[in-house]
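Structure record follows, encoded as structure tokens.
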Amino acid sequence: MKAGTRLERLLKAGHFVVTAEIGPPKGASGQEIVNHARLMKGYVDAANLTDNQTAIVRLCSMAAALHVLRAGVEPVMQITCRDRNRIALQSDVLGAASLGIRNILCLTGDHQSFGNHPTSRNVFDLDSIQLLAGLRSMRDERRFMCGEEMRHPPSIFLGAAANPFGDPLEFRLVRLAKKVAAGADFIQTQAIFDLERFRRWMSMVRDAGLHERVYILAGIVPPKSPGALRYMREVPGMSVPEDLIERMRKVPRGRRAEEGVRIAVELIQQLREVEGVRGVHIMAIMWEEVVPEIVSRAGLYPRPQVPEEEPPA
Amino acid sequence: MIVAELKPLDQITALLNGYRSILLAGCGECVTVCSAGGEKEVQSLAAALRLWYRHRGVAARVHTVVIQRQCEPEFLAEADPLVAKADCVLSLGCGVGVQFLAERHPQIPVFPALDTKFAGGTVEPGWWGERCGLCGDCILHLTGGICPIIRCSKSLLNGPCGGSQGGRCEVNEEIECAWQLIYDRLKGQGRLEELEAILPPKDWSRARDGGPRRVIREDLRP
Ligand code: SF4
Ligand code: SF4
């Protein structure tokens with residue numbers, strides 16, 4: 001056991017896990033996060049707290065993770081390389097671990113030009129792979145990235161993202177392998193709508209034996225409208241099949257949210273059948289309240305319980 | 001070369017407010033090649049400024065000179081008499097030229113007429129592209145001769161971010177994804193396995209993060 005978080009224990013025990021995303025608000029109140037966490041409690045095994053996603057300033061992921069933790073849900077703190085150098089990254093992870101936030105998802109981060117402060121400077125001192133390697137060495141070798149030893153290493157479970165649809169396709173696998181080699185314990189993928197392409201990618205993942213070295217959680221975004229699907233199709237690195245948009249378009253306006261839930265549930269059921277997929281990660285940003293329904297209807301409720309294990313001292 | 005671009009005229013005239021004897025100083029090197037601060041650009045800016053003053057009924061004198069290389073004291077000396085007669089100098093050199101001129105003339109205000117952009121080259125006539133981020137520790141041998149530090153919008157050293165699509169960068173359709181370029185080039189050379197290695201964090205102390213840099217060559221020192 002690397003960190004003994006609930007997420008790790010469940011994955012290790014072979015359960016199909018469920019994580020979901022909670023987007024922190026653009027303000028100083030943690031109430032909304034707490035509400036979302038309470039709503040999801042019992043339906044998800046852990047909740048991701050995004051780190052200023054799309055480069056829009058929001059309440060920080062560490063504070064958000066603490067709100068979630070206090071509300072009784074295990075957090076996955078996302079951390080990007082966009083806004084912090086290696087000093088701040090290591091420091092934040094030590095701080096998070098000291099608060100009991102021990103699932104850390106390492107991301108490169110969206111470019112700041114997408115966000116609400118496009119005139120800011122970016123950092124990118126490290127990339128996500130170097131961050132993974134650095135955090136792993138903190139945990140396993142009790143060393144800072146500079147090589148210096150530390151007394152209380154963080155007991156952390158390390159995640160990374162993967163995009164099965166980005167280009168260049170063959171290089172995506174190399175990059176996944178690098179993430180695993182650098183220390184990723186689990187992977188959360190980009191939203192999957194294109195099952196065909198995802199299956200092809202997973203078979204490449206299996207051929208490379210990577211599914212045995214890392215836990216892969218497939219990304220799910222419940223679509224709210226045909227417009228939302230069309231929008232996502234335009235996002236670089238996303239693949240949305242035309243017939244899905246068509247299916248959504250045919251549904252009368254008032255019943256589209258319901259159809260979105262149905263699509264998400266079907267996707268989960270199909271993804272469950274794909275060898276090497278060890279769970280799902282539901283991203284219903286601005287629609288967090290729908291998560292319990294999706295989880296229940298996908299037959300994933302109630303969530304399994306696994307005995308606590310003392311984290312390694 | 002250093003690639004630069006002329007500032008908009010209204011920004012330049014705002015700099016010159018109150019000065020009546022202005023020396024425009026071009027440079028014969030990079031900024032001549034990138035058509036930003038050579039003889040031609042100096043003359044056309046001088047003409048524009050004279051017209052601008054005439055329209056406003058301001059009696060101002062605009063003189064011009066093109067220094068062969070503004071970043072070298074030896075060449076700057078030639079312009080000394082002209083600078084001495086001016087109440088300000090508007091340099092059409094790159095940021096380096098502006099500063100070398102200014103250092104030589106502690107009493108005279110020296111203003112930049114250009115925005116200095118990057119180290120790059122001519123892609124096509126009228127199109128210059130950035131190629132080097134001057135990081136002080138070149139790794140082009142590891143990345144197929146394509147610089148990820150400056151040509152990847154996130155300076156990633158270990159392959160493309162999730163936003164690379166169709167060879168384009170997530171930031172902007174006009175930007176080629178450096179990692180797609182690196183991939184294609186190494187693939188063409190049968191060197192793809194080189195991309196499997198994890199490149200460690202970069203030593204940024206050799207870049208500007210270490211503070212202003214200098215190069216000393218003892219063998220060339222007086
Ligand atoms: S690696 Fe550094 S020195 Fe080499 S081209 Fe890129 S920025 Fe310039
Ligand atoms: S799309 Fe390519 S060039 Fe743009 S940030 Fe990502 S890896 Fe770098």
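As shown in the structure tokens, the chain order sets the letters A, B, ...; within each chain, residues go from 1, and ligands are also counted from 1 in the order they appear.
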Can you list every residue of chain B that has an atom at most 9 Å from chain A, with its nearest atom pair and the distance in Å to one decimal, using only C-alpha atoms, ordered by chain then number, as a tab-separated table?
residue	atom	partner	partner_atom	distance
B:Ser153	CA	A:His111	CA	7.7
B:Lys154	CA	A:Phe124	CA	6.1
B:Ser155	CA	A:Phe124	CA	6.6
B:Leu156	CA	A:Asp127	CA	5.6
B:Leu157	CA	A:Asp127	CA	6.8
B:Asn158	CA	A:Ile129	CA	7.0
B:Gly159	CA	A:Arg175	CA	6.6
B:Pro160	CA	A:Asp167	CA	7.9
B:Cys161	CA	A:Thr108	CA	7.1
B:Gly162	CA	A:Asn163	CA	5.6
B:Gly163	CA	A:Pro236	CA	4.9
B:Ser164	CA	A:Asp167	CA	5.5
B:Gln165	CA	A:Asp167	CA	5.0
B:Gly166	CA	A:Asp167	CA	6.4
B:Gly167	CA	A:Asp167	CA	7.2
B:Arg168	CA	A:Pro236	CA	8.8
B:Cys169	CA	A:Pro236	CA	8.3
B:Glu170	CA	A:Pro236	CA	5.8
B:Val171	CA	A:His111	CA	6.7
B:Trp179	CA	A:Pro168	CA	8.5
B:Gln180	CA	A:Pro168	CA	6.3
B:Tyr183	CA	A:Phe171	CA	7.6
B:Asp184	CA	A:Pro168	CA	8.8
B:Leu195	CA	A:Val174	CA	7.8
B:Glu196	CA	A:Val174	CA	6.3
B:Ala197	CA	A:Lys178	CA	7.7
B:Ile198	CA	A:Lys178	CA	6.6
B:Leu199	CA	A:Gln130	CA	7.8
B:Pro200	CA	A:Gln130	CA	6.3
B:Pro201	CA	A:Leu126	CA	5.9
B:Lys202	CA	A:Asp125	CA	7.7
B:Trp204	CA	A:Asp125	CA	8.0
*At most 12 Å from ligand 1 (only C-alpha atoms and all ligand atoms): residue list as an MDAnalysis selection string*: chainID B and resid 118:120 130:152 155:157 178 202:204 206:208
Selection above as a file: N, CA, C and O atoms, as a tab-separated table (two decimals), in the first residue's frame:
chain	number	residue	atom	x	y	z
B	118	PHE	N	11.43	38.41	-30.08
B	118	PHE	CA	11.98	37.08	-29.83
B	118	PHE	C	13.23	36.81	-30.66
B	118	PHE	O	13.59	37.61	-31.54
B	119	ALA	N	13.85	35.66	-30.37
B	119	ALA	CA	14.96	35.16	-31.17
B	119	ALA	C	14.36	34.20	-32.18
B	119	ALA	O	13.78	33.18	-31.81
B	120	GLY	N	14.44	34.56	-33.42
B	120	GLY	CA	13.81	33.71	-34.43
B	120	GLY	C	14.39	33.96	-35.81
B	120	GLY	O	15.52	34.44	-35.94
B	130	GLU	N	9.35	32.47	-33.93
B	130	GLU	CA	10.21	32.32	-32.77
B	130	GLU	C	10.83	30.91	-32.77
B	130	GLU	O	10.16	29.93	-33.08
B	131	ARG	N	12.10	30.83	-32.39
B	131	ARG	CA	12.74	29.52	-32.39
B	131	ARG	C	13.51	29.20	-31.12
B	131	ARG	O	13.73	28.04	-30.83
B	132	CYS	N	13.96	30.19	-30.40
B	132	CYS	CA	14.80	29.90	-29.24
B	132	CYS	C	14.42	30.76	-28.05
B	132	CYS	O	14.18	31.95	-28.20
B	133	GLY	N	14.33	30.14	-26.88
B	133	GLY	CA	13.98	30.86	-25.65
B	133	GLY	C	15.21	31.25	-24.84
B	133	GLY	O	15.08	31.69	-23.70
B	134	LEU	N	16.39	31.07	-25.43
B	134	LEU	CA	17.64	31.51	-24.79
B	134	LEU	C	17.79	30.93	-23.38
B	134	LEU	O	18.06	31.64	-22.42
B	135	CYS	N	17.55	29.62	-23.27
B	135	CYS	CA	17.48	29.00	-21.94
B	135	CYS	C	18.84	28.71	-21.33
B	135	CYS	O	18.94	28.34	-20.17
B	136	GLY	N	19.90	28.86	-22.11
B	136	GLY	CA	21.23	28.70	-21.53
B	136	GLY	C	21.70	27.26	-21.38
B	136	GLY	O	22.77	27.01	-20.82
B	137	ASP	N	20.88	26.32	-21.85
B	137	ASP	CA	21.25	24.90	-21.70
B	137	ASP	C	20.52	24.14	-22.81
B	137	ASP	O	19.48	23.54	-22.58
B	138	CYS	N	21.07	24.22	-23.99
B	138	CYS	CA	20.33	23.76	-25.18
B	138	CYS	C	20.11	22.25	-25.17
B	138	CYS	O	21.03	21.47	-24.90
B	139	ILE	N	18.90	21.85	-25.44
B	139	ILE	CA	18.55	20.43	-25.44
B	139	ILE	C	18.01	19.98	-26.80
B	139	ILE	O	17.32	18.98	-26.90
B	140	LEU	N	18.33	20.74	-27.83
B	140	LEU	CA	17.78	20.41	-29.16
B	140	LEU	C	18.16	19.01	-29.63
B	140	LEU	O	17.43	18.40	-30.41
B	141	HIS	N	19.27	18.49	-29.13
B	141	HIS	CA	19.68	17.13	-29.51
B	141	HIS	C	18.72	16.08	-28.97
B	141	HIS	O	18.68	14.95	-29.44
B	142	LEU	N	17.95	16.47	-27.93
B	142	LEU	CA	17.02	15.50	-27.32
B	142	LEU	C	15.63	15.59	-27.92
B	142	LEU	O	14.78	14.74	-27.64
B	143	THR	N	15.38	16.62	-28.68
B	143	THR	CA	14.00	16.85	-29.13
B	143	THR	C	13.92	17.03	-30.65
B	143	THR	O	13.11	17.82	-31.14
B	144	GLY	N	14.74	16.30	-31.33
B	144	GLY	CA	14.65	16.32	-32.79
B	144	GLY	C	14.96	17.67	-33.41
B	144	GLY	O	14.49	17.95	-34.52
B	145	GLY	N	15.72	18.50	-32.72
B	145	GLY	CA	16.07	19.78	-33.31
B	145	GLY	C	14.95	20.81	-33.28
B	145	GLY	O	15.02	21.84	-33.94
B	146	ILE	N	13.91	20.50	-32.52
B	146	ILE	CA	12.78	21.45	-32.40
B	146	ILE	C	12.68	21.83	-30.93
B	146	ILE	O	12.66	20.96	-30.05
B	147	CYS	N	12.62	23.12	-30.66
B	147	CYS	CA	12.72	23.56	-29.26
B	147	CYS	C	11.38	23.53	-28.54
B	147	CYS	O	10.50	24.33	-28.84
B	148	PRO	N	11.23	22.63	-27.55
B	148	PRO	CA	9.97	22.61	-26.82
B	148	PRO	C	9.88	23.73	-25.78
B	148	PRO	O	8.80	24.09	-25.36
B	149	ILE	N	11.02	24.29	-25.41
B	149	ILE	CA	11.00	25.35	-24.41
B	149	ILE	C	10.22	26.55	-24.93
B	149	ILE	O	9.41	27.13	-24.22
B	150	ILE	N	10.47	26.89	-26.17
B	150	ILE	CA	9.84	28.10	-26.68
B	150	ILE	C	8.73	27.80	-27.68
B	150	ILE	O	7.81	28.59	-27.85
B	151	ARG	N	8.74	26.63	-28.30
B	151	ARG	CA	7.73	26.39	-29.34
B	151	ARG	C	6.53	25.62	-28.81
B	151	ARG	O	5.51	25.54	-29.46
B	152	CYS	N	6.66	25.03	-27.63
B	152	CYS	CA	5.49	24.47	-26.95
B	152	CYS	C	4.98	25.57	-26.03
B	152	CYS	O	5.77	26.14	-25.27
B	155	SER	N	6.06	24.89	-22.59
B	155	SER	CA	7.46	24.46	-22.39
B	155	SER	C	7.56	23.04	-21.85
B	155	SER	O	8.39	22.75	-20.99
B	156	LEU	N	6.71	22.16	-22.33
B	156	LEU	CA	6.72	20.78	-21.82
B	156	LEU	C	7.93	20.03	-22.36
B	156	LEU	O	8.27	20.14	-23.53
B	157	LEU	N	8.54	19.24	-21.48
B	157	LEU	CA	9.72	18.50	-21.91
B	157	LEU	C	9.42	17.03	-22.18
B	157	LEU	O	10.27	16.30	-22.65
B	178	ALA	N	4.40	21.97	-30.97
B	178	ALA	CA	5.82	21.61	-31.05
B	178	ALA	C	6.01	20.11	-30.90
B	178	ALA	O	6.87	19.51	-31.55
B	202	LYS	N	14.25	20.83	-15.77
B	202	LYS	CA	15.32	21.61	-16.35
B	202	LYS	C	15.99	22.47	-15.27
B	202	LYS	O	15.36	22.86	-14.29
B	203	ASP	N	17.26	22.71	-15.49
B	203	ASP	CA	18.00	23.60	-14.60
B	203	ASP	C	17.79	25.03	-15.09
B	203	ASP	O	18.53	25.54	-15.92
B	204	TRP	N	16.76	25.65	-14.54
B	204	TRP	CA	16.42	27.00	-15.01
B	204	TRP	C	17.39	28.05	-14.50
B	204	TRP	O	17.29	29.21	-14.88
B	206	ARG	N	20.20	28.30	-15.29
B	206	ARG	CA	21.05	28.70	-16.42
B	206	ARG	C	20.31	29.62	-17.38
B	206	ARG	O	20.87	30.17	-18.31
B	207	ALA	N	19.00	29.71	-17.18
B	207	ALA	CA	18.19	30.65	-17.96
B	207	ALA	C	18.12	31.96	-17.18
B	207	ALA	O	18.84	32.16	-16.21
B	208	ARG	N	17.21	32.84	-17.53
B	208	ARG	CA	17.15	34.14	-16.84
B	208	ARG	C	16.70	34.01	-15.38
B	208	ARG	O	16.88	34.91	-14.59
*Counting only C-alpha atoms, figure out which residue out of B:Thr122, B:Gln107, B:Thr32, B:Asn17 gets nearest to Leu92 of chain B.*
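Ranking B:Thr122, B:Gln107, B:Thr32, B:Asn17 by distance to Leu92 of chain B, first place goes to B:Thr32.
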*asked:* Run DSSP on the backbone and tell me which residues of chain B come out as strand (DSSP E); list them as number ranges by chain.
replied: B: 2-6, 21-27, 61-67, 88-91, 110-112, 114-124, 127-132, 168-169, 172-176
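Of the residues listed (B:Pro222, B:Leu6, B:Cys177, B:Val89), B:Cys177 shows the shortest atom-to-atom separation from ligand 2; distances use only C-alpha atoms and all ligand atoms.
You will find atom CA of Pro302 of chain A at 9.1 Å from atom CA of Val44 of chain A.
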*Please identify all polymer residues within 12 Å of Arg136 of chain A, counting only C-alpha atoms, omitting same-chain residues fewer than 2 positions from it, and present them as an MDAnalysis selection string.*
chainID A and resid 2:3 90 93 104 106 129:134 138:145 153:159 179:185
*asked:* Need to verify the contact set: Gly14 of chain A, 10 Å, only C-alpha atoms, exclusion of same-chain residues closer than 4 positions in sequence. Can you return it as a VMD selection string?
replied: chain A and resid 8 to 10 215 278 to 279
Could you write out the selected residues, including N, CA, C and O atoms, as a compact mmCIF listing (two decimals), in the first residue's frame?
# COMPACT_ATOMS: atom_id res chain seq x y z
N GLU A 8 -7.24 4.12 -2.84
CA GLU A 8 -6.22 3.09 -3.09
C GLU A 8 -6.68 1.73 -2.57
O GLU A 8 -6.53 0.70 -3.24
N ARG A 9 -7.26 1.71 -1.36
CA ARG A 9 -7.67 0.43 -0.77
C ARG A 9 -8.74 -0.24 -1.62
O ARG A 9 -8.68 -1.45 -1.85
N LEU A 10 -9.68 0.56 -2.11
CA LEU A 10 -10.74 -0.02 -2.94
C LEU A 10 -10.19 -0.57 -4.25
O LEU A 10 -10.55 -1.66 -4.69
N TYR A 215 -4.05 1.96 -12.27
CA TYR A 215 -5.51 1.85 -12.25
C TYR A 215 -6.09 2.92 -13.17
O TYR A 215 -5.82 4.12 -12.98
N ARG A 278 -10.85 0.36 -14.41
CA ARG A 278 -11.01 -0.01 -13.00
C ARG A 278 -11.98 0.89 -12.24
O ARG A 278 -12.13 0.77 -11.03
N GLY A 279 -12.59 1.80 -12.99
CA GLY A 279 -13.55 2.68 -12.34
C GLY A 279 -13.93 3.80 -13.28
O GLY A 279 -13.47 3.86 -14.42
_Neighbour list for segment 40-50 of chain B as a list in words, cut-off 9 Å, only C-alpha atoms, skip fewer than 2 positions in-chain_ =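 Selected residues are Leu6, Leu9, Thr13, Leu24, Ala25, Gly26, Thr32, Ser35, Ala36, Gly37, Gly38, Trp52, Tyr53, Arg54, His55, Ala60, Arg61, Val62, His63, Thr64, Val65, Val66 and Leu92 of chain B.
What separates atom CA of Ile282 of chain A from atom CA of Val265 of chain A is a distance of 10.5 Å.
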*Extract, using only C-alpha atoms, all DNA, RNA and protein residues at most 6 Å from His281 of chain A, discarding same-chain residues fewer than 6 positions from it, and format them as a ChimeraX atom specification.*
/A:18-20,217-220
